[in-house]
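> Here it is: the structure, laid out below.
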Amino acid sequence: MTAPLQPTAIHAVPAELGECGFRLLMIRQFNVGAVPPAFAIIDQRVMRMPQRLGRHGVSFAATFLPEVMEWLIDHLGRPSLHDETGRSSRNPRWPVVCWHDRERYWPSGAVTVEWFAEVAFQDHSSWLAFRTHWHDSLTGRMADGDTSSGEAEQCCEPDAEKEFADAAFQRA
């Protein structure tokens, strides 16, 4: 028998796969009245966990795990390139990473905001190679076959702005 789904679950959640990238649940935000929000960091295996900075705040930088970075560098080159004058610029082959939020209503009556890292690859072949190599990590599994989820069903439809972002994500 499995435990009922809880808004406080932090188990790995499979990535939402797109045409040329993925969306991965990273953080669950709890808003309770007039107090600062609380955050649950979701266990996942592609991106680094957001870091707490000292006593105040959380860094919301979306960065790949070291082993994923190493793989990306081997396949796409370094994230930044230098021209003949020494100026650095972004490697155009690297995927673009941004944040996406979605409100979620739980059967218990709790309302949270889910924060996702969205990753869009610049070409389909790079995305296919990444998806093939990192399949288990994208599905929320480890080598030992862990498949726990602990997540609730989404209860609200995205608004027009979210639908536009979703469409853009699919085209990226």
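Letters A, B, ... mark the chains of the structure tokens in the order given; residue numbers begin at 1 per chain; ligand numbers begin at 1, in order shown.
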Give me, as a Markdown table, the closest atom pair and its distance (Å, one decimal) for every residue of range 65-145 of chain A within a cut-off of 8 Å of range 34-45 of chain A, counting only C-alpha atoms, rows sorted by chain and rising number.

```
| residue | atom | partner | partner_atom | distance |
| --- | --- | --- | --- | --- |
| A:Leu65 | CA | A:Arg45 | CA | 7.7 |
| A:Ser137 | CA | A:Arg45 | CA | 5.1 |
| A:Leu138 | CA | A:Arg45 | CA | 7.2 |
| A:Gly140 | CA | A:Gln44 | CA | 6.1 |
| A:Arg141 | CA | A:Arg45 | CA | 7.9 |
| A:Met142 | CA | A:Arg45 | CA | 7.8 |
```
> How would the residues just picked look written out with all heavy atoms as a PDB file, in the first residue's frame?

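Contents of again_29.pdb, freshly written:
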```
ATOM      1  N   LEU A  65      23.898  19.265 -12.989  1.00  0.00           N
ATOM      2  CA  LEU A  65      24.808  18.531 -12.115  1.00  0.00           C
ATOM      3  C   LEU A  65      26.181  18.414 -12.785  1.00  0.00           C
ATOM      4  O   LEU A  65      26.271  18.454 -14.023  1.00  0.00           O
ATOM      5  CB  LEU A  65      24.259  17.132 -11.847  1.00  0.00           C
ATOM      6  CG  LEU A  65      23.024  17.048 -10.966  1.00  0.00           C
ATOM      7  CD1 LEU A  65      22.450  15.633 -10.989  1.00  0.00           C
ATOM      8  CD2 LEU A  65      23.361  17.462  -9.547  1.00  0.00           C
ATOM      9  N   SER A 137      17.693   9.483 -15.604  1.00  0.00           N
ATOM     10  CA  SER A 137      17.636  10.714 -14.806  1.00  0.00           C
ATOM     11  C   SER A 137      16.406  11.543 -15.159  1.00  0.00           C
ATOM     12  O   SER A 137      15.760  12.113 -14.283  1.00  0.00           O
ATOM     13  CB  SER A 137      18.896  11.545 -15.029  1.00  0.00           C
ATOM     14  OG  SER A 137      20.034  10.842 -14.589  1.00  0.00           O
ATOM     15  N   LEU A 138      16.062  11.608 -16.429  1.00  0.00           N
ATOM     16  CA  LEU A 138      14.891  12.376 -16.853  1.00  0.00           C
ATOM     17  C   LEU A 138      13.592  11.736 -16.386  1.00  0.00           C
ATOM     18  O   LEU A 138      12.595  12.425 -16.171  1.00  0.00           O
ATOM     19  CB  LEU A 138      14.877  12.533 -18.373  1.00  0.00           C
ATOM     20  CG  LEU A 138      15.933  13.472 -18.949  1.00  0.00           C
ATOM     21  CD1 LEU A 138      16.017  13.318 -20.456  1.00  0.00           C
ATOM     22  CD2 LEU A 138      15.654  14.910 -18.554  1.00  0.00           C
ATOM     23  N   GLY A 140      13.299  10.267 -13.553  1.00  0.00           N
ATOM     24  CA  GLY A 140      13.284  10.317 -12.093  1.00  0.00           C
ATOM     25  C   GLY A 140      13.805   9.056 -11.445  1.00  0.00           C
ATOM     26  O   GLY A 140      13.610   8.845 -10.251  1.00  0.00           O
ATOM     27  N   ARG A 141      14.464   8.202 -12.220  1.00  0.00           N
ATOM     28  CA  ARG A 141      14.989   6.946 -11.678  1.00  0.00           C
ATOM     29  C   ARG A 141      16.484   7.041 -11.502  1.00  0.00           C
ATOM     30  O   ARG A 141      17.170   7.734 -12.236  1.00  0.00           O
ATOM     31  CB  ARG A 141      14.668   5.783 -12.609  1.00  0.00           C
ATOM     32  CG  ARG A 141      13.211   5.450 -12.655  1.00  0.00           C
ATOM     33  CD  ARG A 141      13.009   4.150 -13.373  1.00  0.00           C
ATOM     34  NE  ARG A 141      13.458   4.241 -14.744  1.00  0.00           N
ATOM     35  CZ  ARG A 141      12.708   3.989 -15.793  1.00  0.00           C
ATOM     36  NH1 ARG A 141      11.471   3.644 -15.638  1.00  0.00           N
ATOM     37  NH2 ARG A 141      13.197   4.079 -17.006  1.00  0.00           N
ATOM     38  N   MET A 142      16.958   6.253 -10.549  1.00  0.00           N
ATOM     39  CA  MET A 142      18.393   6.091 -10.375  1.00  0.00           C
ATOM     40  C   MET A 142      18.754   4.729 -10.955  1.00  0.00           C
ATOM     41  O   MET A 142      17.886   3.963 -11.356  1.00  0.00           O
ATOM     42  CB  MET A 142      18.770   6.161  -8.898  1.00  0.00           C
ATOM     43  CG  MET A 142      18.469   7.521  -8.283  1.00  0.00           C
ATOM     44  SD  MET A 142      18.876   7.600  -6.554  1.00  0.00           S
ATOM     45  CE  MET A 142      20.639   7.676  -6.627  1.00  0.00           C
TER      46      MET A 142
END
```
> I'd like the interatomic distance between CA of Glu67 in chain A and CA of Asp83 in chain A, to a tenth of an Å.
26.8 Å
> For His100 in chain A, list every protein, DNA or RNA residue within 8 Å, evaluated using only C-alpha atoms, and leave out those in the same chain fewer than 2 positions away; present the list as a PyMOL selection string.
chain A and resi 98+102+115-118
> Could the residues in this selection be written to a file with N, CA and C atoms, as a PDB file, in the first residue's frame?

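Once written, selection.pdb looks like this:
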```pdb
ATOM      1  N   CYS A  98      15.561  28.130 -18.425  1.00  0.00           N
ATOM      2  CA  CYS A  98      14.779  29.191 -17.798  1.00  0.00           C
ATOM      3  C   CYS A  98      13.804  28.570 -16.796  1.00  0.00           C
ATOM      4  N   ARG A 102       3.825  27.071 -12.062  1.00  0.00           N
ATOM      5  CA  ARG A 102       2.472  26.570 -12.274  1.00  0.00           C
ATOM      6  C   ARG A 102       1.840  26.353 -10.894  1.00  0.00           C
ATOM      7  N   TRP A 115       7.707  25.086  -9.310  1.00  0.00           N
ATOM      8  CA  TRP A 115       8.722  25.782 -10.094  1.00  0.00           C
ATOM      9  C   TRP A 115       9.505  24.745 -10.894  1.00  0.00           C
ATOM     10  N   PHE A 116       9.525  24.919 -12.206  1.00  0.00           N
ATOM     11  CA  PHE A 116      10.182  24.003 -13.116  1.00  0.00           C
ATOM     12  C   PHE A 116      11.381  24.682 -13.774  1.00  0.00           C
ATOM     13  N   ALA A 117      12.433  23.911 -14.008  1.00  0.00           N
ATOM     14  CA  ALA A 117      13.516  24.357 -14.890  1.00  0.00           C
ATOM     15  C   ALA A 117      13.146  23.855 -16.279  1.00  0.00           C
ATOM     16  N   GLU A 118      13.142  24.759 -17.252  1.00  0.00           N
ATOM     17  CA  GLU A 118      12.872  24.392 -18.637  1.00  0.00           C
ATOM     18  C   GLU A 118      14.180  24.436 -19.403  1.00  0.00           C
TER      19      GLU A 118
END
```
> Counting only C-alpha atoms, figure out which residue out of A:Pro79, A:Gly18, A:Pro107, A:Pro92 gets nearest to Leu128 in chain A.
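Residue with the minimum atom-to-atom distance to Leu128 in chain A: A:Gly18.
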> If you count only C-alpha atoms, which residues fall within 12 Å of Met69 in chain A, apart from same-chain ones fewer than 2 positions away, as JSON, numbers by chain?
{"A": [46, 47, 48, 63, 64, 65, 66, 67, 71, 72, 73, 74, 75, 76, 77, 78, 79, 94, 95, 130, 134]}
> One decimal, Å: what's the distance from CA of Val97 in chain A over to CA of His82 in chain A, could you say?
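Computed distance, CA of Val97 in chain A to CA of His82 in chain A, equals 21.0 Å.
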> Just checking: using only C-alpha atoms, which residue out of A:Ile27, A:Ala12, A:Leu81, A:Ala62 ends up closest to Glu103 in chain A?
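Ranking A:Ile27, A:Ala12, A:Leu81, A:Ala62 by distance to Glu103 in chain A, first place goes to A:Ile27.
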> Rounded to one decimal, what separation in Å do you get between CA of Thr132 in chain A and CA of Phe22 in chain A?
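Separation of CA of Thr132 in chain A and CA of Phe22 in chain A: 12.8 Å.
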> Ranking A:Val68, A:Cys20, A:Val32, A:Val13 by minimum distance to Asp123 in chain A and counting only C-alpha atoms, which one comes first?
A:Cys20
> Running DSSP on the backbone, which parts of range 82-153 of chain A land in strand (DSSP E), as a PyMOL selection string?
chain A and resi 82+88-90+96-105+111-120
